[in-house]
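Input: a single structure, listed below in structure tokens.
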Amino acid sequence: MKIFPAIDIRDGKVVRLTHGDFNKEVRYELTPMEAAVQFAEAGAKNLHIVDLDGAKDDSLSNFDIIKSIVQETGMFVEVGGGIRNQERLERYLDIGVNRVILGTIAVNNIPFLRDMATKYSDRLAVGIDVKDGYVATKGWQELSGMVGEDFCSRLHLLGVLHVIYTDISRDGTLGGVNVELYERLVKKCALDIIASGGVGSLDDIRKLRDVGVHGVVLGKALYSGAIDLKRALEVAGEDEQC
């Protein structure tokens with residue numbers, strides 16, 4: 001199982017949100033590059049970056065920061081946030097991003113999603129952010145009428161290989177992961193499932209490993225010290241990049 005330390009960027013700063021609420025933001029002193037270097041030095045091979053400005057306002061204000069991280073760390077980097085057309089997707093791939101994450105556009109434009117999955121295959125993932133059972137879009141600010149688990153089940157037929165499935169109700173809380181949810185997804189969806197939201201202990205990581213998820217995104221648990229990254233990598237049994 002893979003561990004993806006998370007760097008959420010807003011206004012060029014490392015932040016964490018609670019329940020995806022932009023009004024419940026914690027900012028950290030270290031820069032995004034400093035965070036990435038610390039994660040790499042702890043042994044992480046993979047990195048999950050979200051451009052919150054891109055997700056909320058469709059801006060590219062953090063593009064150069066992300067470019068520097070990709071090109072200077074040598075880590076496997078997946079990036080999401082505001083990637084809603086092929087031009088932006090390709091801009092990220094061109095700077096060396098290993099995998100781009102489609103969110104809002106994946107929900108709102110299925111033909112586009114199918115086309116991108118066909119063209120980019122393993123270099124594309126879909127981010128399914130779920131609140132009250134339904135997929136949220138536009139930086140978690142709006143709810144669609146699509147049930148998260150049902151949407152996940154459809155993606156394999158569209159050529160998608162990877163899904164980052166976030167339980168917004170638990171995101172940023174350290175309150176424990178919804179193991180039953182991810183066990184259902186692993187059984188129901190013929191995809192690599194990456195779990196996100198609520199992971200607050202090494203026991204959460206063990207449980208997710210045991211139900212067969214492909215990877216786990218760690219955010220607040222690392223920044224708060226609730227989880228030691230080196231120990232998390234050991235528990236996950238990670239031995240290679242994605």
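Every chain in the structure tokens takes a letter, A first, then B, and so on in the order presented; its residues are numbered from 1, and the ligands are numbered from 1 following the presented order.
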
Determine, for each residue of range 98-133 of chain A having at least one atom at most 10 Å from an atom of range 30-49 of chain A, the closest pair of atoms and their separation in Å to one decimal, counting only C-alpha atoms; order by chain and ascending number, as CSV.
```
residue,atom,partner,partner_atom,distance
A:Asn98,CA,A:Asn46,CA,9.8
A:Arg99,CA,A:His48,CA,9.5
A:Val100,CA,A:Ile49,CA,9.8
A:Ile101,CA,A:Ile49,CA,9.6
```

Using only C-alpha atoms, which residues of range 6-115 of chain A come within 9 Å of range 123-145 of chain A, and what is the closest atom pair for each, with the distance in Å to one decimal? Give it as CSV, sorted by chain and residue number.
```
residue,atom,partner,partner_atom,distance
A:His19,CA,A:Lys131,CA,8.9
A:Gly20,CA,A:Trp140,CA,6.1
A:Asp21,CA,A:Trp140,CA,7.9
A:Leu52,CA,A:Gly139,CA,7.1
A:Asp53,CA,A:Gly139,CA,8.7
A:Gly54,CA,A:Gly139,CA,8.3
A:Ala55,CA,A:Gly139,CA,4.7
A:Lys56,CA,A:Gly139,CA,4.9
A:Asp57,CA,A:Lys138,CA,8.4
A:Asp58,CA,A:Lys138,CA,8.9
A:Glu78,CA,A:Ala125,CA,8.6
A:Gly80,CA,A:Gly127,CA,7.8
A:Gly81,CA,A:Gly139,CA,7.5
A:Gly82,CA,A:Lys138,CA,8.1
A:Leu93,CA,A:Arg123,CA,8.4
A:Val97,CA,A:Arg123,CA,8.7
A:Asn98,CA,A:Arg123,CA,6.1
A:Arg99,CA,A:Arg123,CA,4.3
A:Val100,CA,A:Leu124,CA,5.1
A:Ile101,CA,A:Ala125,CA,4.7
A:Leu102,CA,A:Val126,CA,4.8
A:Gly103,CA,A:Gly127,CA,4.9
A:Thr104,CA,A:Thr137,CA,4.9
A:Ile105,CA,A:Thr137,CA,8.5
A:Ala106,CA,A:Val126,CA,6.9
A:Val107,CA,A:Thr137,CA,7.9
A:Asn108,CA,A:Ser144,CA,8.9
A:Leu113,CA,A:Val126,CA,8.9
```

* Name the residues of range 57-232 of chain A that come out as alpha helix (DSSP H) in a backbone DSSP run; write them as a PyMOL selection string. => chain A and resi 57+63-73+86-94+104-108+110-120+148-155+179-188+202-211+220-223+229-232

* To do: Kindly indicate which residue among A:Leu89, A:Val79, A:Leu185, A:Leu229 lies nearest to Asp8 in chain A, using only C-alpha atoms for the distances.
  =>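 The answer is A:Val79, which sits nearest to Asp8 in chain A.
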
* To do: From a DSSP calculation on the backbone, collect every residue of range 39-125 of chain A in strand (DSSP E) and output the set as a ChimeraX atom specification.
  => /A:46-51,76-80,99-102,124-125

* Asked: Taking into account only C-alpha atoms, which residue in the set A:Asp150, A:Asp204, A:Asp94, A:Asp167 is nearest to Ala221 in chain A?
  ->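 Nearest to Ala221 in chain A: A:Asp204.
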
* Out of A:Ile193, A:Val179, A:Ile83, A:Ala117, which residue has the shortest atom-to-atom distance to Ser153 in chain A when counting only C-alpha atoms? ->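 That would be A:Ile193, the residue with the smallest distance to Ser153 in chain A.
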
* **Selection near Val217 in chain A, 12 Å with only C-alpha atoms, sequence-local residues under 5 positions removed, as a PyMOL selection string** => chain A and resi 1-8+44+46-50+78+127+163-167+171-172+177+193-200+204-205+208+222+229+232-233+236

* **Gap from CA of Tyr28 in chain A to CA of Val14 in chain A - Å, one decimal** => 5.6 Å

* Asked: With only C-alpha atoms as the atoms that count, which of A:Ile227, A:Val15, A:Met116, A:Leu191 lies nearest to Leu161 in chain A?
  ->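 Counting only C-alpha atoms, the residue closest to Leu161 in chain A is A:Leu191.
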